[in-house]
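Student: Sharing a structure below in structure tokens format, with a few things to ask.
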There are 2 protein chains.
Amino acid sequence: MTQVDVRQKILADNAAAAAALSARFADSRTLVMNLISSPGSGKTTLLEATVRALSGRLRLGAIEGDIATERDADRLRRLGIPAHQILTGGGCHLDARQVRGALAEHDLGPLDVLFIENVGNLVCPTAYDLGEDFKVALLSVTEGEDKPFKYPGIFSAAEVTVVTKADLLPHVPFQLDEVRGQVAALRPGGTLLVTSATSGAGMAEWCALVEARLARKRASGA
Amino acid sequence: MTQVDVRQKILADNAAAAAALSARFADSRTLVMNLISSPGSGKTTLLEATVRALSGRLRLGAIEGDIATERDADRLRRLGIPAHQILTGGGCHLDARQVRGALAEHDLGPLDVLFIENVGNLVCPTAYDLGEDFKVALLSVTEGEDKPFKYPGIFSAAEVTVVTKADLLPHVPFQLDEVRGQVAALRPGGTLLVTSATSGAGMAEWCALVEARLARKRASGA
């Protein structure tokens with residue numbers, strides 16, 4: 001096989017595993033989100049705030065992807081939700097077979113919403129579907145407003161873009177309108193939310209989106 | 001070939017190309033740094049500040065790696081140094097053949113220091129040497145102090161770690177001592193600098209390091 005053949009086979013194998021996961025999540029009526037961003041954009045922090053807001057009403061669980069350490073799963077377990085840590089070794093993204101393996105190894109129980117937090121990487125995770133309902137791209141205001149056009153793959157693939165760390169806007173140069181324009185060009189009809197897990201800004205809108213998408217999935221699957 | 005064979009061949013081809021580049025940079029007595037970080041950690045901003053400080057004394061040039069856009073090369077050209085943009089398409093790192101191709105296509109002229117700014121990614125670039133004298137890992141204070149242990153590959157491989165955006169320390173939770181400890185464990189004897197291109201903090205130390213490493217390379221090659 002050539003390099004191209006190998007890559008095509010990897011992607012085809014992943015697509016098949018992702019389709020099986022998607023069917024499984026349809027059966028269990030679980031809404032699944034695949035969260036993708038640079039390292040340090042605040043994926044785990046957004047999830048912590050989401051768990052605090054929603055865990056009284058919804059059964060939440062998480063699969064955490066990292067190169068190394070159990071830190072992120074530990075942070076979510078401390079809030080009382082089941083969380084499984086996948087360690088990729090050197091791998092720069094999760095793949096669907098790893099998610100399938102995680103669910104086989106660790107029964108997270110019946111869930112309304114499963115958050116899959118991908119490895120911190122704005123490139124590699126984009127090509128590997130994980131059976132999710134939709135991808136969420138995070139971009140912190142400290143990263144600069146040029147990122148959507150510099151990383152068009154993920155900002156095209158993500159139905160939802162969450163701008164994070166909005167509490168830092170007074171301290172950094174960041175043109176929010178520029179980001180809105182780039183995201184709208186890359187993903188017409190997509191949703192962009194501006195949030196701060198620290199101040200709580202935008203968290204109600206984010207949680208409402210999660211609940212609305214869960215309701216929509218259940219209505220369509222009825 | 002299996003997937004493992006393909007990957008080994010890719011890395012072996014890259015290593016051969018990197019060795020040739022290293023010999024070329026030894027001949028030209030050019031100090032070469034390979035800058036690696038997450039998207040938005042401030043690689044280009046560090047280089048802008050470096051160019052402002054050193055371009056009167058040293059001949060500087062840059063190769064910029066991005067998935068898309070010429071933004072970063074444009075930013076450096078505006079400061080008067082030659083800069084070549086490599087667009088990787090979807091590729092999550094630069095490889096040595098791309099650097100060789102860039103130098104063939106665009107004569108940057110005789111240089112004292114060549115900065116190679118890799119694609120924004122804390123994982124993939126680590127395995128691909130580019131003929132550089134050393135790797136520099138950047139970590140902004142907004143990314144969180146857990147990153148070295150979560151991304152041990154790059155923080156082991158980098159001789160120098162530059163903590164950036166120190167001006168934001170009053171506004172974010174970031175345990176600098178924790179980062180120092182992790183980096184020291186991963187790269188004993190490595191150098192860690194704390195900088196802010198905005199306030200200028202630490203920039204004198206960074207520029208002194210660049211000049212000292214250039215002098216050392218020239219002394220050892222004499």
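Chains: A, B, ... in order of the structure tokens. Residues: from 1 per chain. Ligands: from 1, in order shown.
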What's around Gly153 of chain B at 8 Å? Count only C-alpha atoms, leave out sequence neighbours fewer than 4 positions away in its own chain, and write the answer as a PDB file with C-alpha atoms, in the first residue's frame.
Tutor:
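Output contents, as saved in out-v5.pdb:
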```
ATOM      1  CA  GLY A  90       1.630  10.041  20.950  1.00  0.00           C
TER       2      GLY A  90
ATOM      3  CA  VAL B 123       1.964  17.194  18.987  1.00  0.00           C
ATOM      4  CA  THR B 126       7.785  17.068  17.478  1.00  0.00           C
ATOM      5  CA  ALA B 157      12.412  17.523  22.857  1.00  0.00           C
TER       6      ALA B 157
END
```
Student: Using only C-alpha atoms, select each residue of chain A with any atom at most 8 Å away from an atom of chain B, and give the selection as a ChimeraX atom specification.
Tutor: /A:1-3,6,38-42,66-69,90-92,121-124,142-144,147,149-153,168,171
Student: Generate a file of the selected residues that holds N, CA, C and O atoms, formatted as a short mmCIF file (atom, residue, chain, number, x, y, z; two decimals), in the first residue's frame.
Tutor:
```cif
data_model
loop_
_atom_site.label_atom_id
_atom_site.label_comp_id
_atom_site.auth_asym_id
_atom_site.auth_seq_id
_atom_site.Cartn_x
_atom_site.Cartn_y
_atom_site.Cartn_z
N MET A 1 0.84 -1.20 0.00
CA MET A 1 0.00 0.00 0.00
C MET A 1 0.88 1.25 0.00
O MET A 1 1.92 1.30 0.66
N THR A 2 0.45 2.25 -0.70
CA THR A 2 1.14 3.54 -0.65
C THR A 2 0.68 4.30 0.59
O THR A 2 -0.26 3.92 1.27
N GLN A 3 1.34 5.43 0.85
CA GLN A 3 0.92 6.28 1.97
C GLN A 3 -0.54 6.70 1.82
O GLN A 3 -1.28 6.75 2.79
N VAL A 6 -2.84 3.85 2.63
CA VAL A 6 -2.90 3.60 4.07
C VAL A 6 -3.82 4.60 4.73
O VAL A 6 -4.68 4.27 5.55
N SER A 38 -7.51 23.92 20.29
CA SER A 38 -6.11 23.94 20.69
C SER A 38 -5.98 23.49 22.14
O SER A 38 -6.94 23.57 22.91
N PRO A 39 -4.77 23.06 22.52
CA PRO A 39 -4.53 22.84 23.95
C PRO A 39 -4.77 24.14 24.72
O PRO A 39 -4.38 25.21 24.27
N GLY A 40 -5.45 24.03 25.84
CA GLY A 40 -5.57 25.20 26.70
C GLY A 40 -6.63 26.21 26.29
O GLY A 40 -6.65 27.32 26.80
N SER A 41 -7.53 25.83 25.39
CA SER A 41 -8.62 26.74 25.03
C SER A 41 -9.75 26.72 26.05
O SER A 41 -10.65 27.56 25.97
N GLY A 42 -9.75 25.74 26.91
CA GLY A 42 -10.76 25.72 27.96
C GLY A 42 -11.86 24.69 27.77
O GLY A 42 -12.96 24.86 28.27
N ASP A 66 -6.41 12.46 25.76
CA ASP A 66 -5.17 13.18 26.00
C ASP A 66 -3.99 12.31 25.60
O ASP A 66 -4.09 11.08 25.58
N ILE A 67 -2.90 12.97 25.30
CA ILE A 67 -1.64 12.27 25.05
C ILE A 67 -1.21 11.52 26.32
O ILE A 67 -0.78 10.38 26.27
N ALA A 68 -1.31 12.22 27.44
CA ALA A 68 -0.83 11.68 28.71
C ALA A 68 -1.58 12.35 29.84
O ALA A 68 -2.13 13.44 29.67
N THR A 69 -1.61 11.71 30.97
CA THR A 69 -2.20 12.12 32.25
C THR A 69 -3.72 11.90 32.30
O THR A 69 -4.40 11.97 31.29
N GLY A 90 1.27 8.89 21.77
CA GLY A 90 1.63 10.04 20.95
C GLY A 90 0.52 10.54 20.04
O GLY A 90 0.67 11.57 19.40
N GLY A 91 -0.59 9.82 19.99
CA GLY A 91 -1.61 10.13 18.97
C GLY A 91 -2.25 11.49 19.14
O GLY A 91 -2.62 11.86 20.26
N CYS A 92 -2.42 12.20 18.04
CA CYS A 92 -2.84 13.60 18.10
C CYS A 92 -4.35 13.76 17.98
O CYS A 92 -4.84 14.87 17.83
N ASN A 121 -5.88 19.86 19.92
CA ASN A 121 -5.26 19.90 18.60
C ASN A 121 -6.29 20.47 17.64
O ASN A 121 -7.41 19.97 17.58
N LEU A 122 -5.91 21.49 16.91
CA LEU A 122 -6.88 22.16 16.04
C LEU A 122 -6.89 21.56 14.63
O LEU A 122 -7.62 22.02 13.76
N VAL A 123 -6.10 20.50 14.42
CA VAL A 123 -5.95 19.96 13.07
C VAL A 123 -6.42 18.50 13.01
O VAL A 123 -7.43 18.17 12.38
N CYS A 124 -5.67 17.62 13.65
CA CYS A 124 -5.84 16.19 13.43
C CYS A 124 -7.24 15.65 13.76
O CYS A 124 -7.72 14.75 13.06
N THR A 142 -7.68 34.56 23.78
CA THR A 142 -6.24 34.82 23.85
C THR A 142 -5.49 34.26 22.65
O THR A 142 -4.31 34.54 22.47
N GLU A 143 -6.16 33.49 21.82
CA GLU A 143 -5.47 32.84 20.69
C GLU A 143 -5.37 33.72 19.45
O GLU A 143 -4.64 33.37 18.51
N GLY A 144 -6.14 34.78 19.41
CA GLY A 144 -6.06 35.67 18.24
C GLY A 144 -7.19 35.40 17.27
O GLY A 144 -7.63 34.26 17.08
N LYS A 147 -7.50 32.79 13.73
CA LYS A 147 -7.45 31.33 13.74
C LYS A 147 -8.45 30.63 12.81
O LYS A 147 -8.09 29.62 12.19
N PHE A 149 -9.58 31.27 9.82
CA PHE A 149 -9.04 31.17 8.44
C PHE A 149 -7.71 30.42 8.40
O PHE A 149 -7.35 29.89 7.35
N LYS A 150 -6.98 30.38 9.50
CA LYS A 150 -5.72 29.62 9.50
C LYS A 150 -5.97 28.12 9.71
O LYS A 150 -5.12 27.31 9.34
N TYR A 151 -7.10 27.77 10.31
CA TYR A 151 -7.45 26.36 10.56
C TYR A 151 -8.86 26.12 10.01
O TYR A 151 -9.79 25.80 10.77
N PRO A 152 -9.02 26.25 8.70
CA PRO A 152 -10.39 26.23 8.15
C PRO A 152 -11.08 24.88 8.28
O PRO A 152 -12.31 24.83 8.32
N GLY A 153 -10.31 23.81 8.35
CA GLY A 153 -10.93 22.49 8.41
C GLY A 153 -11.88 22.36 9.58
O GLY A 153 -13.05 22.01 9.43
N LEU A 168 -11.41 37.69 29.50
CA LEU A 168 -10.09 38.28 29.23
C LEU A 168 -10.12 39.31 28.09
O LEU A 168 -9.08 39.90 27.78
N HIS A 171 -8.22 42.54 28.17
CA HIS A 171 -6.76 42.49 28.34
C HIS A 171 -6.02 42.03 27.08
O HIS A 171 -4.79 41.93 27.10
#
```
Student: What's around Arg59 of chain A at 10 Å? Count only C-alpha atoms, leave out sequence neighbours fewer than 5 positions away in its own chain, and write the answer as a ChimeraX atom specification.
Tutor: /A:30,51,54,81-82,109-114
Student: Just to be explicit: take each residue in the selection above, keep N, CA, C and O atoms, and write the result as a PDB file, in the first residue's frame.
Tutor:
```pdb
ATOM      1  N   THR A  30     -28.826   9.150  23.270  1.00  0.00           N
ATOM      2  CA  THR A  30     -27.799   9.981  23.911  1.00  0.00           C
ATOM      3  C   THR A  30     -27.292  11.020  22.915  1.00  0.00           C
ATOM      4  O   THR A  30     -26.875  10.669  21.807  1.00  0.00           O
ATOM      5  N   VAL A  51     -21.315  20.909  33.667  1.00  0.00           N
ATOM      6  CA  VAL A  51     -21.740  19.888  34.634  1.00  0.00           C
ATOM      7  C   VAL A  51     -22.380  20.561  35.844  1.00  0.00           C
ATOM      8  O   VAL A  51     -23.442  20.145  36.323  1.00  0.00           O
ATOM      9  N   LEU A  54     -25.902  21.672  34.676  1.00  0.00           N
ATOM     10  CA  LEU A  54     -26.892  20.750  34.112  1.00  0.00           C
ATOM     11  C   LEU A  54     -26.986  19.399  34.808  1.00  0.00           C
ATOM     12  O   LEU A  54     -27.931  18.637  34.520  1.00  0.00           O
ATOM     13  N   ILE A  81     -19.626  13.195  37.811  1.00  0.00           N
ATOM     14  CA  ILE A  81     -20.107  12.514  36.603  1.00  0.00           C
ATOM     15  C   ILE A  81     -19.114  11.424  36.200  1.00  0.00           C
ATOM     16  O   ILE A  81     -17.921  11.513  36.505  1.00  0.00           O
ATOM     17  N   PRO A  82     -19.611  10.381  35.528  1.00  0.00           N
ATOM     18  CA  PRO A  82     -18.685   9.356  35.053  1.00  0.00           C
ATOM     19  C   PRO A  82     -17.831   9.903  33.901  1.00  0.00           C
ATOM     20  O   PRO A  82     -18.338  10.556  32.994  1.00  0.00           O
ATOM     21  N   GLY A 109     -22.962   4.068  31.975  1.00  0.00           N
ATOM     22  CA  GLY A 109     -24.371   4.074  32.394  1.00  0.00           C
ATOM     23  C   GLY A 109     -25.224   4.800  31.377  1.00  0.00           C
ATOM     24  O   GLY A 109     -24.711   5.349  30.406  1.00  0.00           O
ATOM     25  N   PRO A 110     -26.555   4.772  31.599  1.00  0.00           N
ATOM     26  CA  PRO A 110     -27.427   5.477  30.659  1.00  0.00           C
ATOM     27  C   PRO A 110     -27.192   6.981  30.762  1.00  0.00           C
ATOM     28  O   PRO A 110     -27.151   7.535  31.866  1.00  0.00           O
ATOM     29  N   LEU A 111     -26.994   7.600  29.613  1.00  0.00           N
ATOM     30  CA  LEU A 111     -26.646   9.025  29.597  1.00  0.00           C
ATOM     31  C   LEU A 111     -27.602   9.791  28.695  1.00  0.00           C
ATOM     32  O   LEU A 111     -28.006   9.303  27.638  1.00  0.00           O
ATOM     33  N   ASP A 112     -27.909  11.018  29.109  1.00  0.00           N
ATOM     34  CA  ASP A 112     -28.598  11.932  28.209  1.00  0.00           C
ATOM     35  C   ASP A 112     -27.608  12.598  27.255  1.00  0.00           C
ATOM     36  O   ASP A 112     -27.888  12.771  26.073  1.00  0.00           O
ATOM     37  N   VAL A 113     -26.486  12.979  27.822  1.00  0.00           N
ATOM     38  CA  VAL A 113     -25.490  13.698  27.014  1.00  0.00           C
ATOM     39  C   VAL A 113     -24.104  13.129  27.305  1.00  0.00           C
ATOM     40  O   VAL A 113     -23.717  12.998  28.473  1.00  0.00           O
ATOM     41  N   LEU A 114     -23.390  12.798  26.244  1.00  0.00           N
ATOM     42  CA  LEU A 114     -21.992  12.365  26.354  1.00  0.00           C
ATOM     43  C   LEU A 114     -21.112  13.415  25.678  1.00  0.00           C
ATOM     44  O   LEU A 114     -21.282  13.707  24.490  1.00  0.00           O
TER      45      LEU A 114
END
```
Student: To test your reading of the structure, identify every residue in segment 53-195 of chain B that backbone DSSP assigns to alpha helix (DSSP H), and report it as a PyMOL selection string.
Tutor: chain B and resi 53-54+71-77+96-105+147-150+152-157+176-186
Student: Looking only at the backbone, which of the residues in segment 60-214 of chain A does DSSP tag as strand (DSSP E), as an MDAnalysis selection string?
Tutor: chainID A and resid 60:66 83:87 113:117 134:140 160:164 191:194
Student: Which residue, A:Thr191, A:Gln182, A:Thr88, A:Ser220, has the smallest gap to Ala158 of chain A when you use only C-alpha atoms?
Tutor: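 Between A:Thr191, A:Gln182, A:Thr88, A:Ser220, the residue approaching Ala158 of chain A most closely is A:Thr191.
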Student: Calculate how many Å separate atom CA of Ser196 of chain B from atom CA of Asp133 of chain B, rounding to one decimal.
Tutor: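 Interatomic distance, atom CA of Ser196 of chain B to atom CA of Asp133 of chain B: 23.9 Å.
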Student: Hey, what's within 9 Å of Ser22 of chain A if we count only C-alpha atoms and toss same-chain stuff fewer than 5 positions away? As a PyMOL selection string, please?
Tutor: chain A and resi 17+27+32+130-133
Student: How far is it from atom CA of Pro170 of chain A to atom CA of Thr44 of chain B, in Å with one decimal?
Tutor: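 Those two atoms sit 21.5 Å apart.
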Student: Find the residues near Met33 of chain A: any atom within 12 Å, counting only C-alpha atoms, skip ones fewer than 4 places away on the same chain, and give them as a ChimeraX atom specification.
Tutor: /A:22,25,43,47,60-64,112-118,129-137,158-160,209-210,213-214
Student: I'd like the contact shell of Ala197 of chain A - 10 Å cut-off, only C-alpha atoms, skipping same-chain residues fewer than 4 positions apart - returned as a list in words.
Tutor: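 Listing them by chain and then by number gives Gly42, Thr45, Leu46, Leu47, Glu48, Ala49, Thr50, Thr164, Lys165, Ala166, Asp167, Ala201, Gly202 and Met203 of chain A.
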Student: Pick out the residues sitting within 9 Å of His106 of chain A, and hand them over as an MDAnalysis selection string; count only C-alpha atoms, and ignore anything fewer than 3 positions along from it in its own chain.
Tutor: chainID A and resid 83:84 101:103 109
Student: In Å, rounded to a single decimal, give me how far atom CA of Leu94 of chain B is from atom CA of Ala73 of chain B.
Tutor: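 It comes out at 14.9 Å.
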